[in-house]
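What follows is coords29.pdb (PDB, C-alpha atoms (C1' of nucleotides)).
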MODEL        1
ATOM      1  CA  MET A 886     162.505 -38.890-218.669
ATOM      2  CA  ARG A 887     165.269 -36.461-219.416
ATOM      3  CA  GLU A 888     163.275 -35.714-222.560
ATOM      4  CA  ILE A 889     160.113 -34.949-220.661
ATOM      5  CA  LYS A 890     161.913 -32.526-218.405
ATOM      6  CA  LYS A 891     163.369 -30.773-221.430
ATOM      7  CA  VAL A 892     159.914 -30.388-222.929
ATOM      8  CA  GLU A 893     158.516 -28.982-219.691
ATOM      9  CA  GLU A 894     161.318 -26.491-219.528
ATOM     10  CA  LYS A 895     160.601 -25.382-223.052
ATOM     11  CA  GLU A 896     156.916 -24.893-222.293
ATOM     12  CA  THR A 897     157.700 -22.964-219.153
ATOM     13  CA  ALA A 898     160.052 -20.788-221.177
ATOM     14  CA  VAL A 899     157.282 -20.020-223.651
ATOM     15  CA  THR A 900     154.923 -19.105-220.814
ATOM     16  CA  LEU A 901     157.485 -16.764-219.328
ATOM     17  CA  SER A 902     158.044 -15.118-222.687
ATOM     18  CA  ARG A 903     154.353 -14.399-222.913
ATOM     19  CA  PHE A 904     154.694 -12.450-219.660
ATOM     20  CA  GLY A 905     157.538 -10.494-221.175
ATOM     21  CA  VAL A 906     160.122 -12.338-219.082
ATOM     22  CA  ARG A 907     163.301 -13.458-220.838
ATOM     23  CA  PRO A 908     163.489 -17.159-220.013
ATOM     24  CA  LEU A 909     166.934 -17.415-218.450
ATOM     25  CA  SER A 910     167.718 -20.740-216.874
ATOM     26  CA  HIS A 911     167.367 -19.700-213.237
ATOM     27  CA  ARG A 912     164.162 -17.907-213.976
ATOM     28  CA  VAL A 913     162.749 -20.988-215.630
ATOM     29  CA  ALA A 914     163.843 -23.169-212.721
ATOM     30  CA  ILE A 915     162.289 -20.906-210.088
ATOM     31  CA  TYR A 916     159.075 -20.404-212.041
ATOM     32  CA  GLN A 917     158.796 -24.124-212.666
ATOM     33  CA  TYR A 918     159.328 -24.846-208.989
ATOM     34  CA  LEU A 919     156.572 -22.411-208.101
ATOM     35  CA  LEU A 920     154.226 -23.950-210.655
ATOM     36  CA  GLY A 921     154.807 -27.344-209.124
ATOM     37  CA  THR A 922     154.006 -26.520-205.512
ATOM     38  CA  LYS A 923     150.908 -25.397-203.667
ATOM     39  CA  ASN A 924     152.820 -24.374-200.582
ATOM     40  CA  HIS A 925     153.291 -20.661-201.299
ATOM     41  CA  PRO A 926     156.960 -20.875-200.451
ATOM     42  CA  THR A 927     159.127 -18.052-199.172
ATOM     43  CA  ALA A 928     162.223 -16.870-201.019
ATOM     44  CA  ASP A 929     164.363 -18.784-198.587
ATOM     45  CA  THR A 930     162.466 -22.030-199.056
ATOM     46  CA  ILE A 931     162.827 -21.722-202.800
ATOM     47  CA  TYR A 932     166.536 -21.150-202.421
ATOM     48  CA  THR A 933     166.998 -24.104-200.088
ATOM     49  CA  GLU A 934     164.965 -26.458-202.250
ATOM     50  CA  LEU A 935     166.605 -25.507-205.516
ATOM     51  CA  LYS A 936     170.187 -25.107-204.349
ATOM     52  CA  PRO A 937     171.097 -28.837-204.400
ATOM     53  CA  SER A 938     170.136 -29.255-208.045
ATOM     54  CA  LEU A 939     171.378 -25.794-209.043
ATOM     55  CA  PRO A 940     174.588 -25.301-207.079
ATOM     56  CA  SER A 941     175.371 -22.044-208.844
ATOM     57  CA  LEU A 942     172.159 -20.448-207.547
ATOM     58  CA  SER A 943     172.483 -17.580-205.104
ATOM     59  CA  ARG A 944     169.992 -16.051-202.734
ATOM     60  CA  THR A 945     170.368 -12.721-204.489
ATOM     61  CA  THR A 946     169.238 -14.278-207.729
ATOM     62  CA  VAL A 947     166.208 -15.824-206.067
ATOM     63  CA  TYR A 948     165.177 -12.387-204.850
ATOM     64  CA  ASN A 949     165.970 -10.774-208.192
ATOM     65  CA  VAL A 950     163.999 -13.346-210.124
ATOM     66  CA  LEU A 951     161.004 -13.284-207.783
ATOM     67  CA  ASN A 952     160.821  -9.501-207.900
ATOM     68  CA  HIS A 953     161.042  -9.586-211.660
ATOM     69  CA  LEU A 954     158.384 -12.276-212.022
ATOM     70  CA  CYS A 955     156.048 -10.306-209.758
ATOM     71  CA  GLU A 956     156.623  -7.114-211.699
ATOM     72  CA  LYS A 957     155.833  -8.849-214.946
ATOM     73  CA  GLY A 958     152.726 -10.426-213.478
ATOM     74  CA  ALA A 959     153.827 -14.041-213.838
ATOM     75  CA  VAL A 960     153.794 -14.573-210.082
ATOM     76  CA  ARG A 961     151.790 -13.149-207.191
ATOM     77  CA  ARG A 962     153.339 -12.003-203.967
ATOM     78  CA  VAL A 963     151.244 -13.284-201.069
ATOM     79  CA  THR A 964     151.344 -10.798-198.222
ATOM     80  CA  ILE A 965     149.908 -12.921-195.457
ATOM     81  CA  GLU A 966     152.875 -13.167-193.116
ATOM     82  CA  ASP A 967     153.949 -10.430-190.781
ATOM     83  CA  HIS A 968     157.320  -9.788-192.316
ATOM     84  CA  GLU A 969     158.150 -12.207-195.058
ATOM     85  CA  SER A 970     156.743 -12.605-198.538
ATOM     86  CA  ARG A 971     155.365 -15.800-199.977
ATOM     87  CA  PHE A 972     154.965 -16.456-203.682
ATOM     88  CA  ASP A 973     152.316 -18.106-205.808
ATOM     89  CA  ALA A 974     152.507 -18.917-209.516
ATOM     90  CA  ASP A 975     148.763 -19.433-209.657
ATOM     91  CA  ILE A 976     147.604 -15.987-210.683
ATOM     92  CA  ARG A 977     143.907 -16.750-210.791
ATOM     93  CA  ASP A 978     141.923 -14.839-208.160
ATOM     94  CA  HIS A 979     141.608 -16.996-205.094
ATOM     95  CA  ILE A 980     141.524 -16.753-201.336
ATOM     96  CA  HIS A 981     144.343 -17.721-199.005
ATOM     97  CA  PHE A 982     143.883 -19.249-195.592
ATOM     98  CA  LYS A 983     146.680 -19.287-193.069
ATOM     99  CA  CYS A 984     146.503 -21.696-190.164
ATOM    100  CA  SER A 985     147.799 -19.954-187.091
ATOM    101  CA  GLN A 986     148.793 -23.272-185.573
ATOM    102  CA  CYS A 987     150.681 -25.142-188.291
ATOM    103  CA  GLN A 988     151.514 -21.922-190.167
ATOM    104  CA  GLN A 989     150.566 -23.475-193.486
ATOM    105  CA  VAL A 990     148.901 -21.404-196.200
ATOM    106  CA  PHE A 991     146.061 -23.052-198.112
ATOM    107  CA  ASP A 992     144.293 -22.045-201.306
ATOM    108  CA  LEU A 993     140.528 -21.770-200.937
ATOM    109  CA  PHE A 994     139.360 -22.061-204.516
ATOM    110  CA  GLU A 995     135.975 -23.276-203.316
ATOM    111  CA  VAL A 996     135.145 -19.911-201.761
ATOM    112  CA  ASN A 997     133.810 -17.419-204.268
ATOM    113  CA  PHE A 998     136.188 -14.573-204.773
ATOM    114  CA  PRO A 999     134.273 -11.407-203.862
ATOM    115  CA  ARG A1000     133.353  -8.893-206.547
ATOM    116  CA  LEU A1001     134.172  -5.548-205.037
ATOM    117  CA  GLU A1002     132.971  -2.222-206.279
ATOM    118  CA  ILE A1003     136.030  -0.038-206.208
ATOM    119  CA  PRO A1004     135.029   3.530-205.380
ATOM    120  CA  GLU A1005     135.186   6.259-208.038
ATOM    121  CA  GLY A1006     138.643   7.623-208.490
ATOM    122  CA  PHE A1007     140.525   4.600-207.218
ATOM    123  CA  SER A1008     141.895   2.084-209.672
ATOM    124  CA  ALA A1009     142.813  -1.373-208.461
ATOM    125  CA  THR A1010     145.595  -3.549-209.765
ATOM    126  CA  SER A1011     145.219  -6.429-207.334
ATOM    127  CA  VAL A1012     142.926  -7.688-204.597
ATOM    128  CA  GLN A1013     144.071 -10.018-201.867
ATOM    129  CA  VAL A1014     141.729 -11.833-199.520
ATOM    130  CA  ASN A1015     143.490 -13.477-196.609
ATOM    131  CA  ILE A1016     141.806 -15.482-193.888
ATOM    132  CA  GLU A1017     143.492 -16.532-190.696
ATOM    133  CA  GLY A1018     142.284 -19.280-188.423
ATOM    134  CA  VAL A1019     142.652 -22.963-187.729
ATOM    135  CA  CYS A1020     142.745 -25.589-190.460
ATOM    136  CA  PRO A1021     140.754 -28.847-190.321
ATOM    137  CA  HIS A1022     143.822 -30.876-189.556
ATOM    138  CA  CYS A1023     144.915 -28.810-186.568
ATOM    139  CA  LYS A1024     141.325 -28.508-185.359
ATOM    140  CA  SER A1025     140.934 -32.270-185.052
ATOM    141  CA  GLY A1026     143.522 -32.386-182.331
ATOM    142  CA  ARG A1027     146.781 -31.931-184.262
TER     143      ARG A1027
ATOM    144  CA  MET B 198     142.655  21.270-171.512
ATOM    145  CA  ARG B 199     144.837  19.270-169.218
ATOM    146  CA  GLU B 200     141.579  18.056-167.713
ATOM    147  CA  ILE B 201     140.170  16.922-171.018
ATOM    148  CA  LYS B 202     143.265  14.936-171.750
ATOM    149  CA  LYS B 203     143.005  13.272-168.360
ATOM    150  CA  VAL B 204     139.419  12.270-169.048
ATOM    151  CA  GLU B 205     140.319  10.830-172.429
ATOM    152  CA  GLU B 206     143.080   8.825-170.873
ATOM    153  CA  LYS B 207     140.670   7.449-168.319
ATOM    154  CA  GLU B 208     138.195   6.417-170.993
ATOM    155  CA  THR B 209     140.890   4.790-173.056
ATOM    156  CA  ALA B 210     142.013   2.902-169.980
ATOM    157  CA  VAL B 211     138.493   1.577-169.457
ATOM    158  CA  THR B 212     138.323   0.446-173.082
ATOM    159  CA  LEU B 213     141.607  -1.372-172.754
ATOM    160  CA  SER B 214     140.434  -3.091-169.607
ATOM    161  CA  ARG B 215     137.429  -4.404-171.459
ATOM    162  CA  PHE B 216     139.839  -6.078-173.871
ATOM    163  CA  GLY B 217     141.621  -7.639-170.925
ATOM    164  CA  VAL B 218     144.581  -5.300-171.285
ATOM    165  CA  ARG B 219     145.987  -3.783-168.100
ATOM    166  CA  PRO B 220     146.004  -0.065-168.841
ATOM    167  CA  LEU B 221     149.636   0.807-168.196
ATOM    168  CA  SER B 222     150.647   4.291-169.209
ATOM    169  CA  HIS B 223     152.587   3.388-172.342
ATOM    170  CA  ARG B 224     149.846   1.086-173.478
ATOM    171  CA  VAL B 225     147.265   3.817-173.041
ATOM    172  CA  ALA B 226     149.459   6.290-174.928
ATOM    173  CA  ILE B 227     150.038   3.955-177.862
ATOM    174  CA  TYR B 228     146.421   2.859-178.045
ATOM    175  CA  GLN B 229     145.240   6.448-177.854
ATOM    176  CA  TYR B 230     147.636   7.437-180.610
ATOM    177  CA  LEU B 231     146.301   4.646-182.793
ATOM    178  CA  LEU B 232     142.708   5.659-182.095
ATOM    179  CA  GLY B 233     143.504   9.184-183.182
ATOM    180  CA  THR B 234     145.022   8.428-186.555
ATOM    181  CA  LYS B 235     143.737   6.927-189.782
ATOM    182  CA  ASN B 236     147.174   6.392-191.195
ATOM    183  CA  HIS B 237     147.762   2.765-190.185
ATOM    184  CA  PRO B 238     151.176   3.598-188.826
ATOM    185  CA  THR B 239     154.101   1.219-188.524
ATOM    186  CA  ALA B 240     155.766   0.436-185.207
ATOM    187  CA  ASP B 241     158.569   2.789-186.085
ATOM    188  CA  THR B 242     156.240   5.675-186.908
ATOM    189  CA  ILE B 243     154.472   5.225-183.602
ATOM    190  CA  TYR B 244     157.795   5.241-181.801
ATOM    191  CA  THR B 245     159.000   8.364-183.589
ATOM    192  CA  GLU B 246     155.759  10.244-183.035
ATOM    193  CA  LEU B 247     155.402   9.387-179.385
ATOM    194  CA  LYS B 248     159.025   9.613-178.305
ATOM    195  CA  PRO B 249     159.158  13.430-177.920
ATOM    196  CA  SER B 250     156.256  13.496-175.471
ATOM    197  CA  LEU B 251     157.241  10.224-173.798
ATOM    198  CA  PRO B 252     161.029  10.336-173.575
ATOM    199  CA  SER B 253     161.185   7.139-171.545
ATOM    200  CA  LEU B 254     159.572   5.151-174.368
ATOM    201  CA  SER B 255     161.661   2.490-176.076
ATOM    202  CA  ARG B 256     161.224   0.746-179.381
ATOM    203  CA  THR B 257     161.062  -2.590-177.568
ATOM    204  CA  THR B 258     158.068  -1.389-175.601
ATOM    205  CA  VAL B 259     156.305  -0.237-178.740
ATOM    206  CA  TYR B 260     156.701  -3.729-180.181
ATOM    207  CA  ASN B 261     155.711  -5.383-176.906
ATOM    208  CA  VAL B 262     152.615  -3.244-176.532
ATOM    209  CA  LEU B 263     151.520  -3.644-180.157
ATOM    210  CA  ASN B 264     151.913  -7.407-179.987
ATOM    211  CA  HIS B 265     149.955  -7.479-176.774
ATOM    212  CA  LEU B 266     147.161  -5.269-178.089
ATOM    213  CA  CYS B 267     146.866  -7.456-181.186
ATOM    214  CA  GLU B 268     146.745 -10.619-179.123
ATOM    215  CA  LYS B 269     143.994  -9.202-176.967
ATOM    216  CA  GLY B 270     142.042  -8.057-180.004
ATOM    217  CA  ALA B 271     142.163  -4.342-179.249
ATOM    218  CA  VAL B 272     144.181  -3.618-182.381
ATOM    219  CA  ARG B 273     144.406  -5.196-185.833
ATOM    220  CA  ARG B 274     147.663  -5.903-187.570
ATOM    221  CA  VAL B 275     147.410  -4.832-191.190
ATOM    222  CA  THR B 276     149.506  -7.118-193.362
ATOM    223  CA  ILE B 277     149.560  -5.106-196.544
ATOM    224  CA  GLU B 278     153.246  -4.269-196.825
ATOM    225  CA  ASP B 279     155.888  -6.663-198.029
ATOM    226  CA  HIS B 280     157.852  -6.836-194.827
ATOM    227  CA  GLU B 281     156.577  -4.474-192.209
ATOM    228  CA  SER B 282     153.391  -4.486-190.155
ATOM    229  CA  ARG B 283     150.953  -1.625-189.879
ATOM    230  CA  PHE B 284     148.429  -1.243-187.090
ATOM    231  CA  ASP B 285     144.814  -0.152-186.886
ATOM    232  CA  ALA B 286     142.751   0.490-183.784
ATOM    233  CA  ASP B 287     139.550   0.402-185.805
ATOM    234  CA  ILE B 288     138.606  -3.234-185.443
ATOM    235  CA  ARG B 289     135.405  -3.086-187.477
ATOM    236  CA  ASP B 290     135.610  -5.150-190.654
ATOM    237  CA  HIS B 291     136.737  -2.916-193.468
ATOM    238  CA  ILE B 292     138.833  -2.972-196.602
ATOM    239  CA  HIS B 293     142.275  -1.466-196.987
ATOM    240  CA  PHE B 294     143.581   0.155-200.125
ATOM    241  CA  LYS B 295     147.269   0.750-200.639
ATOM    242  CA  CYS B 296     148.369   3.254-203.248
ATOM    243  CA  SER B 297     151.438   1.902-204.966
ATOM    244  CA  GLN B 298     152.557   5.413-205.822
ATOM    245  CA  CYS B 299     152.250   7.417-202.614
ATOM    246  CA  GLN B 300     152.396   4.284-200.447
ATOM    247  CA  GLN B 301     149.501   5.486-198.312
ATOM    248  CA  VAL B 302     146.957   3.038-196.906
ATOM    249  CA  PHE B 303     143.313   4.117-197.018
ATOM    250  CA  ASP B 304     140.232   2.685-195.324
ATOM    251  CA  LEU B 305     137.442   1.827-197.725
ATOM    252  CA  PHE B 306     134.426   1.743-195.456
ATOM    253  CA  GLU B 307     132.169   2.470-198.406
ATOM    254  CA  VAL B 308     132.916  -0.898-199.987
ATOM    255  CA  ASN B 309     130.815  -3.709-198.577
ATOM    256  CA  PHE B 310     132.901  -6.153-196.666
ATOM    257  CA  PRO B 311     132.379  -9.543-198.342
ATOM    258  CA  ARG B 312     130.529 -12.299-196.512
ATOM    259  CA  LEU B 313     132.581 -15.382-197.125
ATOM    260  CA  GLU B 314     131.451 -18.919-196.608
ATOM    261  CA  ILE B 315     134.321 -20.569-194.836
ATOM    262  CA  PRO B 316     134.544 -24.221-195.914
ATOM    263  CA  GLU B 317     133.622 -27.014-193.502
ATOM    264  CA  GLY B 318     136.387 -27.823-191.095
ATOM    265  CA  PHE B 319     138.128 -24.474-191.239
ATOM    266  CA  SER B 320     137.457 -21.896-188.571
ATOM    267  CA  ALA B 321     138.323 -18.275-189.224
ATOM    268  CA  THR B 322     139.481 -15.756-186.684
ATOM    269  CA  SER B 323     140.086 -12.864-189.063
ATOM    270  CA  VAL B 324     139.567 -11.858-192.668
ATOM    271  CA  GLN B 325     141.666  -9.241-194.398
ATOM    272  CA  VAL B 326     140.807  -7.704-197.741
ATOM    273  CA  ASN B 327     143.615  -5.662-199.234
ATOM    274  CA  ILE B 328     143.461  -3.816-202.512
ATOM    275  CA  GLU B 329     146.464  -2.351-204.248
ATOM    276  CA  GLY B 330     146.305   0.276-206.933
ATOM    277  CA  VAL B 331     146.405   4.013-207.499
ATOM    278  CA  CYS B 332     144.519   6.477-205.320
ATOM    279  CA  PRO B 333     142.458   9.376-206.702
ATOM    280  CA  HIS B 334     145.052  11.914-205.707
ATOM    281  CA  CYS B 335     147.953  10.198-207.457
ATOM    282  CA  LYS B 336     145.789   9.376-210.454
ATOM    283  CA  SER B 337     145.009  13.009-211.133
ATOM    284  CA  GLY B 338     148.614  13.679-211.989
ATOM    285  CA  ARG B 339     150.293  13.704-208.556
TER     286      ARG B 339
ATOM    287  C1'  DA C1438     180.128  -5.416-228.101
ATOM    288  C1'  DT C1439     176.858  -4.178-225.090
ATOM    289  C1'  DA C1440     173.349  -4.531-221.956
ATOM    290  C1'  DT C1441     171.598  -7.728-218.707
ATOM    291  C1'  DT C1442     172.099 -10.915-215.151
ATOM    292  C1'  DT C1443     174.602 -13.156-211.588
ATOM    293  C1'  DG C1444     177.156 -14.091-207.019
ATOM    294  C1'  DC C1445     179.394 -12.594-203.184
ATOM    295  C1'  DA C1446     179.887  -9.963-199.141
ATOM    296  C1'  DA C1447     178.421  -6.149-196.811
ATOM    297  C1'  DA C1448     174.633  -3.067-195.701
ATOM    298  C1'  DT C1449     169.973  -2.114-194.259
ATOM    299  C1'  DA C1450     165.531  -2.715-192.037
ATOM    300  C1'  DA C1451     162.139  -4.739-189.050
ATOM    301  C1'  DT C1452     161.640  -7.330-185.206
ATOM    302  C1'  DT C1453     162.948 -10.323-181.207
ATOM    303  C1'  DT C1454     165.667 -11.759-177.278
ATOM    304  C1'  DG C1455     168.407 -11.858-172.910
ATOM    305  C1'  DC C1456     168.852  -9.814-168.964
ATOM    306  C1'  DA C1457     169.013  -6.544-165.276
ATOM    307  C1'  DG C1458     166.455  -2.939-163.305
ATOM    308  C1'  DT C1459     161.849  -0.914-162.254
ATOM    309  C1'  DC C1460     157.023  -0.501-161.494
ATOM    310  C1'  DG C1461     152.385  -1.731-159.779
ATOM    311  C1'  DA C1462     149.073  -4.341-156.888
TER     312       DA C1462
ATOM    313  C1'  DT D 525     157.222  -8.737-152.015
ATOM    314  C1'  DC D 526     156.349 -10.853-156.489
ATOM    315  C1'  DG D 527     155.253 -11.067-160.966
ATOM    316  C1'  DA D 528     154.586  -8.165-164.843
ATOM    317  C1'  DC D 529     156.682  -4.668-167.596
ATOM    318  C1'  DT D 530     160.499  -1.860-169.393
ATOM    319  C1'  DG D 531     164.919  -0.378-171.668
ATOM    320  C1'  DC D 532     169.128  -1.278-173.545
ATOM    321  C1'  DA D 533     172.239  -3.583-176.483
ATOM    322  C1'  DA D 534     173.007  -7.492-179.083
ATOM    323  C1'  DA D 535     171.076 -11.039-182.007
ATOM    324  C1'  DT D 536     168.159 -12.624-185.664
ATOM    325  C1'  DT D 537     165.711 -12.588-189.991
ATOM    326  C1'  DA D 538     164.346 -10.956-194.484
ATOM    327  C1'  DT D 539     165.780  -8.284-198.084
ATOM    328  C1'  DT D 540     168.632  -4.962-200.828
ATOM    329  C1'  DT D 541     172.852  -2.989-202.647
ATOM    330  C1'  DG D 542     177.537  -2.270-204.727
ATOM    331  C1'  DC D 543     180.486  -4.076-207.613
ATOM    332  C1'  DA D 544     183.154  -7.185-210.447
ATOM    333  C1'  DA D 545     182.732 -11.249-213.230
ATOM    334  C1'  DA D 546     179.853 -14.065-216.275
ATOM    335  C1'  DT D 547     176.312 -14.463-219.784
ATOM    336  C1'  DA D 548     172.999 -13.614-223.581
ATOM    337  C1'  DT D 549     171.891 -11.693-227.942
TER     338       DT D 549
ENDMDL
END
Hey, can you dump this file as structure tokens for me?
Amino acid sequence: MREIKKVEEKETAVTLSRFGVRPLSHRVAIYQYLLGTKNHPTADTIYTELKPSLPSLSRTTVYNVLNHLCEKGAVRRVTIEDHESRFDADIRDHIHFKCSQCQQVFDLFEVNFPRLEIPEGFSATSVQVNIEGVCPHCKSGR
Amino acid sequence: MREIKKVEEKETAVTLSRFGVRPLSHRVAIYQYLLGTKNHPTADTIYTELKPSLPSLSRTTVYNVLNHLCEKGAVRRVTIEDHESRFDADIRDHIHFKCSQCQQVFDLFEVNFPRLEIPEGFSATSVQVNIEGVCPHCKSGR
DNA sequence: ATATTTGCAAATAATTTGCAGTCGA
DNA sequence: TCGACTGCAAATTATTTGCAAATAT
């Protein structure tokens, strides 16, 4: 089992390298955590979840690493909350849905991502489509 | 001139009433300011701009009013910044473009707003489409 | 050996809250 | 008069910064 984890870490390291990110241990840990969740966690959630197994981890490093991963394009910053960033290691174009009741953020891969014609003169580096509403679970009476 | 301003204020008040917003003076002032700008200002910008002509205005009130206007649907919160809200009194569906160099947020009315098929079970109350990139002005060498 | 990364504590920034006073119907 | 609204100062939350120590190549 230990072995499997080691292998995963190595693969994650290779992936990070391809993004031009030096695979330092905390970076690998954070990236791996993001790959393994669909919850679009906040920096604080990542810190809280990882801290027990990585006691040396600091909040500053979480922020540093996330900013670096976003800059290098390995991770997407999801700007769907009013004043807090969420992060997503799935960099394929897809739509996010935020339930205004349970506050959860869902991926909507089943909805076609719109092809937009960017006007002359503008050049786009990223497109975010965010829907807000009520999720099936909350709709059916909590 | 004074007269014209009075008339505008009255019209704005009527509009607010239609949204179920009691047209108190600060609310009218903030809403009118938002109607008159295309800059998607932040709460702080609104406060700074309005303070000179409305010395009694407080930051708290700006936040209160903006939250209230958003709740009532008179104003849209634009979640395009990492950790600060912008506001838009134009509630027609349209796309926002943020230039990562000059930080300005543009309306892209010329781009068709996508029709999305929301999956069964979900119900949507709002859809935001945010593009990030470089604007024509910054592209042509600052 | 040198540049990069980290952790801590303090700083900053945006927003909310508690509460007492004020305004509007 | 009564409930809604306001302003102030303090609190809260998310994030960044300065700097010294640790680490990677």
Q: To verify the selection step, state as a ChimeraX atom specification which residues the PyMOL selection byres ((chain C) within 12 of (chain B)) yields on this input.
A: /C:1450-1454,1460-1462
Q: Run the PyMOL selection byres ((chain B) within 12 of (chain A)) against the file shown and list the residues it catches, as a PyMOL selection string.
A: chain B and resi 239+264+273-284+291-298+303-337
**Q.** Residues matched by the PyMOL selection byres ((chain D) within 9 of (chain A)), written as a list in words
**A.** DA538, DT539, DT540 and DA548 of chain D
Q: May I have the protein, DNA and RNA residues with an atom at most 12 Å from (165.4, 1.2, -174.0), counting only C-alpha atoms (C1' of nucleotides) in the file's coordinates, returned as a ChimeraX atom specification?
A: /B:244,248,252-260 /C:1458 /D:530-533
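CA of Glu206 in chain B is positioned 9.0 Å from CA of Ser222 in chain B.
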Q | Long-range neighbours of Val211 in chain B as number ranges by chain, 10 Å cut-off, all atoms listed in the file, 6 positions minimum in chain | A | B: 205, 217-220, 225
